[in-house]
>>> print(open('input_20.pdb').read())   # PDB, C-alpha atoms
ATOM      1  CA  MET A   1     -18.218   4.612  30.529
ATOM      2  CA  ALA A   2     -19.865   1.565  32.155
ATOM      3  CA  HIS A   3     -22.711   1.868  29.660
ATOM      4  CA  LEU A   4     -20.302   1.802  26.702
ATOM      5  CA  ASP A   5     -18.399  -1.130  28.199
ATOM      6  CA  ARG A   6     -21.642  -3.100  28.437
ATOM      7  CA  VAL A   7     -22.593  -2.273  24.829
ATOM      8  CA  PHE A   8     -19.184  -3.230  23.420
ATOM      9  CA  ARG A   9     -18.913  -6.412  25.499
ATOM     10  CA  SER A  10     -22.457  -7.735  25.223
ATOM     11  CA  ASN A  11     -24.748  -5.915  22.820
ATOM     12  CA  LEU A  12     -22.569  -5.197  19.796
ATOM     13  CA  LYS A  13     -22.979  -7.746  17.014
ATOM     14  CA  LEU A  14     -20.955  -8.546  13.916
ATOM     15  CA  ARG A  15     -23.675  -7.110  11.677
ATOM     16  CA  HIS A  16     -23.344  -3.763  13.495
ATOM     17  CA  LEU A  17     -19.623  -3.669  12.750
ATOM     18  CA  GLN A  18     -20.203  -4.598   9.106
ATOM     19  CA  LEU A  19     -22.815  -1.847   8.871
ATOM     20  CA  VAL A  20     -20.612   1.002  10.127
ATOM     21  CA  VAL A  21     -17.686  -0.062   7.922
ATOM     22  CA  ALA A  22     -19.963  -0.256   4.856
ATOM     23  CA  LEU A  23     -21.478   3.155   5.655
ATOM     24  CA  ASP A  24     -18.003   4.610   5.972
ATOM     25  CA  GLU A  25     -17.023   3.095   2.614
ATOM     26  CA  PHE A  26     -20.105   4.103   0.611
ATOM     27  CA  ARG A  27     -21.298   7.185   2.554
ATOM     28  CA  HIS A  28     -24.829   6.440   1.318
ATOM     29  CA  LEU A  29     -27.698   4.442   2.856
ATOM     30  CA  GLY A  30     -28.921   3.071  -0.478
ATOM     31  CA  ARG A  31     -25.527   1.848  -1.685
ATOM     32  CA  THR A  32     -24.829   0.380   1.745
ATOM     33  CA  ALA A  33     -28.125  -1.507   1.567
ATOM     34  CA  GLU A  34     -27.213  -2.889  -1.860
ATOM     35  CA  PHE A  35     -23.812  -4.019  -0.598
ATOM     36  CA  LEU A  36     -25.291  -5.724   2.479
ATOM     37  CA  ALA A  37     -28.152  -7.203   0.414
ATOM     38  CA  VAL A  38     -30.870  -5.711   2.626
ATOM     39  CA  SER A  39     -33.440  -2.951   2.153
ATOM     40  CA  GLN A  40     -32.630   0.703   2.801
ATOM     41  CA  PRO A  41     -35.211   0.904   5.631
ATOM     42  CA  ALA A  42     -33.453  -2.078   7.235
ATOM     43  CA  VAL A  43     -30.131  -0.209   7.117
ATOM     44  CA  SER A  44     -31.776   2.866   8.678
ATOM     45  CA  ARG A  45     -33.339   0.770  11.429
ATOM     46  CA  MET A  46     -30.076  -1.037  12.180
ATOM     47  CA  LEU A  47     -28.156   2.239  12.365
ATOM     48  CA  SER A  48     -30.765   3.836  14.616
ATOM     49  CA  GLU A  49     -30.704   0.743  16.828
ATOM     50  CA  LEU A  50     -26.913   0.941  17.160
ATOM     51  CA  GLU A  51     -26.939   4.682  17.876
ATOM     52  CA  SER A  52     -29.650   4.164  20.496
ATOM     53  CA  MET A  53     -27.567   1.470  22.203
ATOM     54  CA  LEU A  54     -24.453   3.655  22.226
ATOM     55  CA  GLY A  55     -26.230   6.857  23.118
ATOM     56  CA  PHE A  56     -24.703   9.064  20.415
ATOM     57  CA  THR A  57     -24.940   9.754  16.678
ATOM     58  CA  LEU A  58     -22.532   7.844  14.478
ATOM     59  CA  PHE A  59     -23.414   9.285  11.062
ATOM     60  CA  ASP A  60     -24.957  12.586  10.037
ATOM     61  CA  ARG A  61     -27.593  12.020   7.335
ATOM     62  CA  SER A  62     -28.381  14.478   4.539
ATOM     63  CA  VAL A  63     -29.670  14.414   0.972
ATOM     64  CA  ARG A  64     -26.032  14.097  -0.149
ATOM     65  CA  GLY A  65     -25.481  10.934   1.879
ATOM     66  CA  THR A  66     -23.959  10.022   5.258
ATOM     67  CA  GLU A  67     -20.902  11.433   6.990
ATOM     68  CA  PRO A  68     -19.324   9.928  10.127
ATOM     69  CA  THR A  69     -19.309  12.107  13.232
ATOM     70  CA  GLY A  70     -16.230  12.308  15.444
ATOM     71  CA  ALA A  71     -17.583   9.484  17.561
ATOM     72  CA  GLY A  72     -18.549   7.610  14.410
ATOM     73  CA  GLU A  73     -14.970   7.725  13.116
ATOM     74  CA  SER A  74     -13.772   6.131  16.370
ATOM     75  CA  VAL A  75     -16.357   3.359  16.096
ATOM     76  CA  VAL A  76     -15.435   2.795  12.438
ATOM     77  CA  ARG A  77     -11.761   2.344  13.370
ATOM     78  CA  PHE A  78     -12.771  -0.111  16.093
ATOM     79  CA  ALA A  79     -15.052  -2.006  13.691
ATOM     80  CA  ARG A  80     -12.354  -2.262  11.009
ATOM     81  CA  GLY A  81      -9.872  -3.672  13.513
ATOM     82  CA  VAL A  82     -12.329  -6.263  14.855
ATOM     83  CA  LEU A  83     -13.426  -7.339  11.370
ATOM     84  CA  ALA A  84      -9.806  -7.630  10.226
ATOM     85  CA  GLN A  85      -9.023  -9.882  13.204
ATOM     86  CA  TYR A  86     -12.191 -11.881  12.548
ATOM     87  CA  GLU A  87     -11.171 -12.467   8.921
ATOM     88  CA  ARG A  88      -7.642 -13.428   9.939
ATOM     89  CA  THR A  89      -8.893 -15.942  12.505
ATOM     90  CA  ARG A  90     -11.429 -17.376  10.063
ATOM     91  CA  ASP A  91      -8.731 -17.793   7.400
ATOM     92  CA  GLU A  92      -6.400 -19.523   9.873
ATOM     93  CA  ILE A  93      -9.131 -21.934  10.982
ATOM     94  CA  ASP A  94     -10.096 -22.670   7.370
ATOM     95  CA  ALA A  95      -6.438 -23.237   6.503
ATOM     96  CA  ALA A  96      -5.957 -25.622   9.419
ATOM     97  CA  ALA A  97      -9.113 -27.538   8.479
ATOM     98  CA  SER A  98      -8.106 -27.878   4.827
ATOM     99  CA  GLY A  99      -4.415 -28.563   5.394
ATOM    100  CA  ALA A 100      -3.394 -25.302   3.723
ATOM    101  CA  ALA A 101      -0.645 -23.106   5.122
ATOM    102  CA  GLY A 102      -2.740 -20.025   5.814
ATOM    103  CA  LYS A 103      -2.847 -16.498   4.454
ATOM    104  CA  THR A 104      -0.672 -13.419   4.796
ATOM    105  CA  ARG A 105      -1.680  -9.904   3.750
ATOM    106  CA  VAL A 106       1.095  -7.664   2.480
ATOM    107  CA  GLY A 107       1.169  -3.971   1.693
ATOM    108  CA  SER A 108       3.898  -3.245  -0.845
ATOM    109  CA  MET A 109       5.429  -0.199  -2.456
ATOM    110  CA  ALA A 110       6.265  -0.499  -6.143
ATOM    111  CA  VAL A 111       9.989  -0.586  -5.314
ATOM    112  CA  ALA A 112       9.582  -4.007  -3.659
ATOM    113  CA  MET A 113       7.144  -5.644  -6.040
ATOM    114  CA  PRO A 114       8.964  -6.808  -9.209
ATOM    115  CA  VAL A 115      12.022  -8.472  -7.645
ATOM    116  CA  LEU A 116      12.107  -8.658  -3.840
ATOM    117  CA  LEU A 117       8.492  -9.611  -3.189
ATOM    118  CA  ALA A 118       8.299 -11.796  -6.301
ATOM    119  CA  ARG A 119      11.329 -13.806  -5.115
ATOM    120  CA  ALA A 120       9.998 -14.056  -1.572
ATOM    121  CA  VAL A 121       6.582 -15.292  -2.686
ATOM    122  CA  GLN A 122       8.243 -17.823  -4.969
ATOM    123  CA  ALA A 123      10.288 -19.098  -2.025
ATOM    124  CA  LEU A 124       7.213 -19.241   0.206
ATOM    125  CA  LYS A 125       5.301 -21.189  -2.430
ATOM    126  CA  ALA A 126       8.211 -23.626  -2.707
ATOM    127  CA  ARG A 127       7.766 -24.330   0.999
ATOM    128  CA  SER A 128       3.969 -24.474   0.842
ATOM    129  CA  ALA A 129       2.195 -24.140  -2.496
ATOM    130  CA  ARG A 130      -1.143 -23.702  -0.737
ATOM    131  CA  ALA A 131      -0.091 -20.642   1.240
ATOM    132  CA  THR A 132      -2.034 -17.593   0.092
ATOM    133  CA  VAL A 133      -0.409 -14.170  -0.253
ATOM    134  CA  GLN A 134      -2.731 -11.192  -0.643
ATOM    135  CA  ILE A 135      -0.865  -8.124  -1.929
ATOM    136  CA  GLU A 136      -2.037  -4.521  -1.944
ATOM    137  CA  GLU A 137       0.191  -1.979  -3.658
ATOM    138  CA  GLY A 138       0.403   1.621  -2.552
ATOM    139  CA  ASP A 139       2.488   4.099  -0.582
ATOM    140  CA  LEU A 140       3.059   4.492   3.138
ATOM    141  CA  THR A 141       0.319   7.095   3.497
ATOM    142  CA  HIS A 142      -2.230   4.626   2.158
ATOM    143  CA  LEU A 143      -0.910   1.370   3.615
ATOM    144  CA  LEU A 144       0.200   2.217   7.162
ATOM    145  CA  PRO A 145      -3.353   2.920   8.406
ATOM    146  CA  LYS A 146      -4.359  -0.512   7.083
ATOM    147  CA  LEU A 147      -1.421  -2.096   8.906
ATOM    148  CA  ARG A 148      -2.447  -0.395  12.157
ATOM    149  CA  LEU A 149      -6.059  -1.526  11.732
ATOM    150  CA  GLY A 150      -4.955  -5.119  11.215
ATOM    151  CA  GLU A 151      -6.088  -5.187   7.589
ATOM    152  CA  LEU A 152      -2.470  -5.903   6.589
ATOM    153  CA  ASP A 153       0.037  -8.162   8.337
ATOM    154  CA  LEU A 154       3.198  -6.464   7.098
ATOM    155  CA  PHE A 155       4.477  -3.710   4.840
ATOM    156  CA  VAL A 156       7.402  -3.947   2.414
ATOM    157  CA  GLY A 157       8.911  -0.810   0.926
ATOM    158  CA  ARG A 158      11.146   2.156   1.647
ATOM    159  CA  LEU A 159      11.491   2.909   5.360
ATOM    160  CA  GLU A 160      10.813   6.644   5.231
ATOM    161  CA  PRO A 161      12.128   8.059   8.546
ATOM    162  CA  GLY A 162       9.216  10.500   8.811
ATOM    163  CA  TYR A 163       6.842   7.567   9.377
ATOM    164  CA  ALA A 164       8.761   5.996  12.271
ATOM    165  CA  ALA A 165       6.559   5.501  15.347
ATOM    166  CA  PRO A 166       6.700   3.628  18.681
ATOM    167  CA  ASP A 167       3.968   1.197  17.618
ATOM    168  CA  LEU A 168       5.878   0.098  14.508
ATOM    169  CA  SER A 169       8.723  -2.388  14.239
ATOM    170  CA  THR A 170      11.039  -1.836  11.262
ATOM    171  CA  GLU A 171      13.744  -3.996   9.713
ATOM    172  CA  ALA A 172      16.006  -2.637   6.977
ATOM    173  CA  LEU A 173      16.863  -5.195   4.292
ATOM    174  CA  PHE A 174      19.034  -3.485   1.663
ATOM    175  CA  GLU A 175      19.785  -0.230  -0.149
ATOM    176  CA  GLU A 176      18.041   0.231  -3.503
ATOM    177  CA  PRO A 177      19.225   3.068  -5.796
ATOM    178  CA  MET A 178      17.154   4.593  -8.588
ATOM    179  CA  VAL A 179      18.067   4.760 -12.295
ATOM    180  CA  VAL A 180      16.788   6.677 -15.313
ATOM    181  CA  VAL A 181      15.002   4.641 -17.985
ATOM    182  CA  ALA A 182      13.572   5.112 -21.470
ATOM    183  CA  HIS A 183      12.045   2.815 -24.055
ATOM    184  CA  PRO A 184      14.700   0.827 -25.973
ATOM    185  CA  ALA A 185      13.466   2.354 -29.252
ATOM    186  CA  SER A 186      13.691   5.931 -27.941
ATOM    187  CA  PRO A 187      16.444   8.092 -29.517
ATOM    188  CA  VAL A 188      17.752   8.958 -26.043
ATOM    189  CA  ALA A 189      18.273   5.235 -25.370
ATOM    190  CA  GLY A 190      20.788   5.160 -28.218
ATOM    191  CA  MET A 191      22.955   7.934 -26.734
ATOM    192  CA  ALA A 192      26.187   6.854 -25.085
ATOM    193  CA  ALA A 193      25.898   9.426 -22.319
ATOM    194  CA  PRO A 194      22.714  11.523 -22.395
ATOM    195  CA  ASP A 195      22.760  14.545 -20.110
ATOM    196  CA  TRP A 196      20.078  16.255 -18.043
ATOM    197  CA  ALA A 197      19.315  18.696 -20.849
ATOM    198  CA  ASP A 198      18.376  15.704 -23.020
ATOM    199  CA  LEU A 199      16.052  14.460 -20.265
ATOM    200  CA  ALA A 200      14.468  17.866 -19.704
ATOM    201  CA  GLY A 201      13.527  18.056 -23.376
ATOM    202  CA  LEU A 202      11.426  14.882 -23.227
ATOM    203  CA  PRO A 203       8.115  13.936 -21.613
ATOM    204  CA  CYS A 204       8.804  12.710 -18.102
ATOM    205  CA  VAL A 205       7.162  10.286 -15.689
ATOM    206  CA  MET A 206       7.592  11.466 -12.091
ATOM    207  CA  PRO A 207       6.279  10.357  -8.693
ATOM    208  CA  PRO A 208       3.225  12.247  -7.367
ATOM    209  CA  PRO A 209       3.895  15.692  -5.822
ATOM    210  CA  TRP A 210       3.472  14.437  -2.244
ATOM    211  CA  ALA A 211       6.138  11.728  -2.614
ATOM    212  CA  SER A 212       9.498  12.563  -1.020
ATOM    213  CA  LEU A 213      11.229  11.103  -4.093
ATOM    214  CA  ARG A 214       9.581  13.738  -6.284
ATOM    215  CA  VAL A 215      11.386  16.579  -4.540
ATOM    216  CA  LYS A 216      14.710  14.746  -4.736
ATOM    217  CA  LEU A 217      14.337  14.141  -8.479
ATOM    218  CA  GLU A 218      13.405  17.760  -9.148
ATOM    219  CA  GLN A 219      16.535  18.788  -7.233
ATOM    220  CA  GLN A 220      18.601  16.602  -9.583
ATOM    221  CA  PHE A 221      17.338  18.596 -12.580
ATOM    222  CA  HIS A 222      18.032  21.918 -10.839
ATOM    223  CA  ARG A 223      21.505  20.770  -9.744
ATOM    224  CA  HIS A 224      22.352  20.260 -13.413
ATOM    225  CA  GLY A 225      20.941  23.629 -14.441
ATOM    226  CA  GLN A 226      17.704  22.286 -15.897
ATOM    227  CA  GLN A 227      13.999  22.604 -15.243
ATOM    228  CA  PRO A 228      12.006  19.340 -15.174
ATOM    229  CA  SER A 229       9.945  18.818 -18.292
ATOM    230  CA  ALA A 230       6.609  20.621 -18.396
ATOM    231  CA  ASP A 231       5.199  17.519 -20.111
ATOM    232  CA  LEU A 232       4.678  15.413 -16.980
ATOM    233  CA  MET A 233       2.858  12.225 -16.066
ATOM    234  CA  GLU A 234       2.630  11.609 -12.316
ATOM    235  CA  THR A 235       2.445   8.080 -10.912
ATOM    236  CA  SER A 236       4.026   5.711  -8.399
ATOM    237  CA  SER A 237       3.097   2.716 -10.554
ATOM    238  CA  TYR A 238       5.907   0.963 -12.401
ATOM    239  CA  LEU A 239       3.368  -0.417 -14.880
ATOM    240  CA  ALA A 240       2.198   3.112 -15.681
ATOM    241  CA  THR A 241       5.815   4.273 -15.985
ATOM    242  CA  LEU A 242       6.618   1.531 -18.492
ATOM    243  CA  THR A 243       3.429   2.315 -20.398
ATOM    244  CA  PHE A 244       4.247   6.009 -20.737
ATOM    245  CA  ILE A 245       7.879   5.539 -21.727
ATOM    246  CA  GLY A 246       6.652   3.180 -24.448
ATOM    247  CA  GLU A 247       3.617   5.116 -25.672
ATOM    248  CA  ARG A 248       4.874   8.686 -25.241
ATOM    249  CA  GLY A 249       8.628   8.381 -25.606
ATOM    250  CA  ALA A 250       9.040   9.586 -22.024
ATOM    251  CA  VAL A 251      11.856   9.069 -19.560
ATOM    252  CA  GLY A 252      11.140   7.717 -16.083
ATOM    253  CA  PHE A 253      12.764   6.635 -12.850
ATOM    254  CA  LEU A 254      12.740   3.092 -11.466
ATOM    255  CA  ALA A 255      14.460   1.142  -8.727
ATOM    256  CA  ARG A 256      17.617  -0.377 -10.178
ATOM    257  CA  SER A 257      16.673  -4.020  -9.544
ATOM    258  CA  ALA A 258      13.273  -3.557 -11.202
ATOM    259  CA  ALA A 259      14.806  -1.659 -14.121
ATOM    260  CA  ARG A 260      17.341  -4.441 -14.710
ATOM    261  CA  ARG A 261      14.563  -7.026 -14.797
ATOM    262  CA  PHE A 262      12.435  -4.939 -17.174
ATOM    263  CA  GLN A 263      15.489  -4.268 -19.351
ATOM    264  CA  ARG A 264      16.086  -8.022 -19.717
ATOM    265  CA  GLN A 265      12.465  -8.311 -20.819
ATOM    266  CA  GLY A 266      12.970  -5.592 -23.458
ATOM    267  CA  LEU A 267      10.589  -3.151 -21.763
ATOM    268  CA  CYS A 268      13.078  -0.382 -21.007
ATOM    269  CA  LYS A 269      16.696   0.702 -21.320
ATOM    270  CA  ILE A 270      18.699   2.011 -18.370
ATOM    271  CA  LEU A 271      20.291   5.301 -19.375
ATOM    272  CA  ASN A 272      23.874   6.196 -18.553
ATOM    273  CA  VAL A 273      22.877   9.205 -16.455
ATOM    274  CA  PRO A 274      24.405   9.659 -12.980
ATOM    275  CA  LEU A 275      21.621   9.768 -10.391
ATOM    276  CA  SER A 276      22.783  10.463  -6.851
ATOM    277  CA  LEU A 277      19.864  10.312  -4.424
ATOM    278  CA  ASP A 278      19.797   9.973  -0.646
ATOM    279  CA  LEU A 279      17.164   7.253  -0.285
ATOM    280  CA  PRO A 280      15.996   5.266   2.740
ATOM    281  CA  PRO A 281      16.570   1.502   2.652
ATOM    282  CA  VAL A 282      13.958  -1.001   1.589
ATOM    283  CA  GLY A 283      12.657  -3.032   4.490
ATOM    284  CA  ILE A 284       9.766  -4.507   6.457
ATOM    285  CA  ILE A 285       7.322  -2.834   8.829
ATOM    286  CA  THR A 286       5.109  -4.765  11.238
ATOM    287  CA  MET A 287       3.109  -3.792  14.309
ATOM    288  CA  ARG A 288       5.277  -3.915  17.421
ATOM    289  CA  GLY A 289       4.128  -6.737  19.663
ATOM    290  CA  GLY A 290       1.502  -7.851  17.159
ATOM    291  CA  GLY A 291       1.035 -11.548  16.639
ATOM    292  CA  LEU A 292       1.820 -12.786  13.145
ATOM    293  CA  SER A 293       0.405 -15.856  11.470
ATOM    294  CA  ALA A 294       2.760 -18.708  10.638
ATOM    295  CA  SER A 295       2.573 -17.837   6.936
ATOM    296  CA  SER A 296       3.471 -14.195   7.671
ATOM    297  CA  VAL A 297       6.482 -15.297   9.718
ATOM    298  CA  GLN A 298       7.552 -17.578   6.867
ATOM    299  CA  LEU A 299       7.151 -14.800   4.310
ATOM    300  CA  ILE A 300       9.352 -12.488   6.383
ATOM    301  CA  GLU A 301      12.028 -15.193   6.430
ATOM    302  CA  CYS A 302      11.704 -15.480   2.651
ATOM    303  CA  LEU A 303      11.979 -11.698   2.298
ATOM    304  CA  ARG A 304      15.255 -11.747   4.230
ATOM    305  CA  GLU A 305      16.608 -14.491   1.983
ATOM    306  CA  ALA A 306      15.454 -12.682  -1.154
ATOM    307  CA  ALA A 307      17.050  -9.441   0.079
ATOM    308  CA  SER A 308      20.386 -11.206   0.594
ATOM    309  CA  ALA A 309      20.203 -12.638  -2.915
ATOM    310  CA  GLN A 310      19.274  -9.248  -4.349
ATOM    311  CA  ALA A 311      22.173  -7.544  -2.553
ATOM    312  CA  ALA A 312      24.518 -10.195  -3.926
ATOM    313  CA  ASP A 313      23.179  -9.620  -7.445
ATOM    314  CA  SER A 314      23.916  -5.917  -7.059
ATOM    315  CA  GLY A 315      27.428  -6.567  -5.813
ATOM    316  CA  VAL A 316      26.636  -5.074  -2.424
TER     317      VAL A 316
END
>>> encode(input="input_20.pdb", output="structure tokens")
Amino acid sequence: MAHLDRVFRSNLKLRHLQLVVALDEFRHLGRTAEFLAVSQPAVSRMLSELESMLGFTLFDRSVRGTEPTGAGESVVRFARGVLAQYERTRDEIDAAASGAAGKTRVGSMAVAMPVLLARAVQALKARSARATVQIEEGDLTHLLPKLRLGELDLFVGRLEPGYAAPDLSTEALFEEPMVVVAHPASPVAGMAAPDWADLAGLPCVMPPPWASLRVKLEQQFHRHGQQPSADLMETSSYLATLTFIGERGAVGFLARSAARRFQRQGLCKILNVPLSLDLPPVGIITMRGGGLSASSVQLIECLREAASAQAADSGV
């Protein structure tokens, strides 16, 4: 243990951390060398040097590439966290030197992107036009590990109860129902009250199988005596949903606030189909006890304001 403490405190360099993260990303010595702009023998030497210092193997090498060992995975997680903090500190120092307001990194589910996050970023930019907001879209499975590693400052999306944990701080903002949509030119969009049999007979855009919403939507079809369409496209992307309802005459499911915005833009039509789903609220997740940059704190304030405005728009 004392040996490892000495290595981590004194011998470990930034280039070592960059190396293990790159090897984890590319799983190949040659591609890692290209990314780091060094020769492949240099990558091999650096890795051997690091493993010799630590006293254990970090990556198994084979003709197929590199694979992190159990110990290697732990070092990779450590390296990602340190590099994320390094980048955050560098950005804050650069921002202070240039007079800019800093940078905040946000992980967002599609449900928050078109209205809530757009309004919040607009409000943040009104306060400080030079504040930078970096947004990565995805689901909780993809984004929460990045939040824990420090690669994201906050998450905005549905607060799925299954992901609650002691290290996470959550704040519910508002309830966001789902609606059924089709392209305005679709025959089903012209029906006064289409039923679930009409939906089942059309191509359908659904969330991926692992999404909790997918199961709830399938239950809606079954509750009305229908099987979901066999002609399925699976995506969590609202852009992909709008593309498929336009190109394939499909029906899809969107958050009501997003659907209303897209409807005003002529991209979809909200169908008069009752959709009763038990959904978690949309809210914010941050690391409990984690320090946030000034721009992240400001963005959270703007998210609260945008949520209040969105609730008022919905008559909530």
>>> closest_atom_pairs(input="input_20.pdb", of="region 186-292 of chain A", to="region 309-314 of chain A", cutoff="12 Å", atoms="only C-alpha atoms", output="CSV")
residue,atom,partner,partner_atom,distance
A:Ala255,CA,A:Ser314,CA,11.9
A:Arg256,CA,A:Ser314,CA,8.9
A:Ser257,CA,A:Gln310,CA,7.8
A:Ala258,CA,A:Gln310,CA,10.7
A:Arg260,CA,A:Ser314,CA,10.2
A:Arg261,CA,A:Asp313,CA,11.6
A:Pro281,CA,A:Ala311,CA,11.8
A:Val282,CA,A:Ala311,CA,11.3
>>> residues_around(input="input_20.pdb", residues="region 111-127 of chain A", least_positions_apart="6", cutoff="10 Å", atoms="all atoms listed in the file", output="ChimeraX atom specification")
/A:101,133,135,137,155-158,176-178,236-238,254-262,282-283,295-296,298-310
>>> residues_around(input="input_20.pdb", residues="Cys268 (chain A)", least_positions_apart="3", cutoff="7 Å", atoms="all atoms listed in the file", output="list of chain:residue names")
A:Val181, A:Ala182, A:His183, A:Pro184, A:Phe262, A:Gln263
>>> write_last_selection(input="input_20.pdb", atoms="C-alpha atoms", output="PDB file, in the frame of the given file")
ATOM      1  CA  VAL A 181      15.002   4.641 -17.985  1.00  0.00           C
ATOM      2  CA  ALA A 182      13.572   5.112 -21.470  1.00  0.00           C
ATOM      3  CA  HIS A 183      12.045   2.815 -24.055  1.00  0.00           C
ATOM      4  CA  PRO A 184      14.700   0.827 -25.973  1.00  0.00           C
ATOM      5  CA  PHE A 262      12.435  -4.939 -17.174  1.00  0.00           C
ATOM      6  CA  GLN A 263      15.489  -4.268 -19.351  1.00  0.00           C
TER       7      GLN A 263
END
>>> closest_residue(input="input_20.pdb", among="A:Leu267, A:Leu140, A:Leu14, A:Ala185", to="Leu242 (chain A)", atoms="only C-alpha atoms")
A:Leu267
>>> resolve_selection(input="input_20.pdb", expression="the PyMOL selection byres ((chain A and resi 217) around 10)", output="PyMOL selection string")
chain A and resi 178+206-207+212-216+218-223+228+253+275-277
>>> closest_residue(input="input_20.pdb", among="A:Ala79, A:Asp60, A:Met46, A:Leu202", to="Val21 (chain A)", atoms="all atoms listed in the file")
A:Ala79
>>> axis_aligned_box(input="input_20.pdb", around="region 35-45 of chain A", padding_each_side="4 Å", output="lines of an AutoDock Vina configuration file")
center_x = -29.5
center_y = -2.2
center_z = 5.4
size_x = 19.4
size_y = 18.1
size_z = 20.0
>>> atom_distance(input="input_20.pdb", atom1="CA of Pro161 (chain A)", atom2="CA of Val106 (chain A)")
20.1 Å
>>> atom_distance(input="input_20.pdb", atom1="CA of Leu168 (chain A)", atom2="CA of Gly150 (chain A)")
12.5 Å
>>> closest_residue(input="input_20.pdb", among="A:Leu54, A:Glu49, A:Phe244, A:Thr66", to="Ser186 (chain A)", atoms="all atoms listed in the file")
A:Phe244
>>> residues_around(input="input_20.pdb", residues="Val273 (chain A)", least_positions_apart="4", cutoff="7 Å", atoms="all atoms listed in the file", output="PyMOL selection string")
chain A and resi 180+193-195
>>> write_last_selection(input="input_20.pdb", atoms="C-alpha atoms", output="compact mmCIF listing (two decimals), in the coordinates of the input")
# COMPACT_ATOMS: atom_id res chain seq x y z
CA VAL A 180 16.79 6.68 -15.31
CA ALA A 193 25.90 9.43 -22.32
CA PRO A 194 22.71 11.52 -22.40
CA ASP A 195 22.76 14.54 -20.11
>>> build_atoms(input="input_20.pdb", residues="region 75-91 of chain A", atoms="N, CA and C atoms", output="tab-separated table (two decimals), in the coordinates of the input")
chain	number	residue	atom	x	y	z
A	75	VAL	N	-15.69	4.67	16.17
A	75	VAL	CA	-16.36	3.36	16.10
A	75	VAL	C	-15.98	2.64	14.80
A	76	VAL	N	-15.84	3.40	13.71
A	76	VAL	CA	-15.44	2.80	12.44
A	76	VAL	C	-14.05	2.18	12.56
A	77	ARG	N	-13.11	2.89	13.19
A	77	ARG	CA	-11.76	2.34	13.37
A	77	ARG	C	-11.81	1.06	14.20
A	78	PHE	N	-12.61	1.09	15.26
A	78	PHE	CA	-12.77	-0.11	16.09
A	78	PHE	C	-13.35	-1.26	15.27
A	79	ALA	N	-14.39	-0.97	14.49
A	79	ALA	CA	-15.05	-2.01	13.69
A	79	ALA	C	-14.10	-2.59	12.66
A	80	ARG	N	-13.31	-1.75	12.01
A	80	ARG	CA	-12.35	-2.26	11.01
A	80	ARG	C	-11.33	-3.19	11.66
A	81	GLY	N	-10.84	-2.83	12.84
A	81	GLY	CA	-9.87	-3.67	13.51
A	81	GLY	C	-10.46	-5.01	13.91
A	82	VAL	N	-11.69	-5.01	14.45
A	82	VAL	CA	-12.33	-6.26	14.86
A	82	VAL	C	-12.60	-7.15	13.65
A	83	LEU	N	-13.12	-6.54	12.56
A	83	LEU	CA	-13.43	-7.34	11.37
A	83	LEU	C	-12.16	-7.91	10.74
A	84	ALA	N	-11.07	-7.13	10.77
A	84	ALA	CA	-9.81	-7.63	10.23
A	84	ALA	C	-9.32	-8.83	11.03
A	85	GLN	N	-9.43	-8.76	12.37
A	85	GLN	CA	-9.02	-9.88	13.20
A	85	GLN	C	-9.94	-11.08	13.00
A	86	TYR	N	-11.23	-10.81	12.83
A	86	TYR	CA	-12.19	-11.88	12.55
A	86	TYR	C	-11.83	-12.61	11.26
A	87	GLU	N	-11.52	-11.85	10.20
A	87	GLU	CA	-11.17	-12.47	8.92
A	87	GLU	C	-9.87	-13.27	9.03
A	88	ARG	N	-8.92	-12.72	9.78
A	88	ARG	CA	-7.64	-13.43	9.94
A	88	ARG	C	-7.85	-14.75	10.67
A	89	THR	N	-8.63	-14.72	11.75
A	89	THR	CA	-8.89	-15.94	12.50
A	89	THR	C	-9.67	-16.95	11.67
A	90	ARG	N	-10.66	-16.48	10.93
A	90	ARG	CA	-11.43	-17.38	10.06
A	90	ARG	C	-10.54	-18.04	9.03
A	91	ASP	N	-9.64	-17.24	8.41
A	91	ASP	CA	-8.73	-17.79	7.40
A	91	ASP	C	-7.80	-18.84	8.01
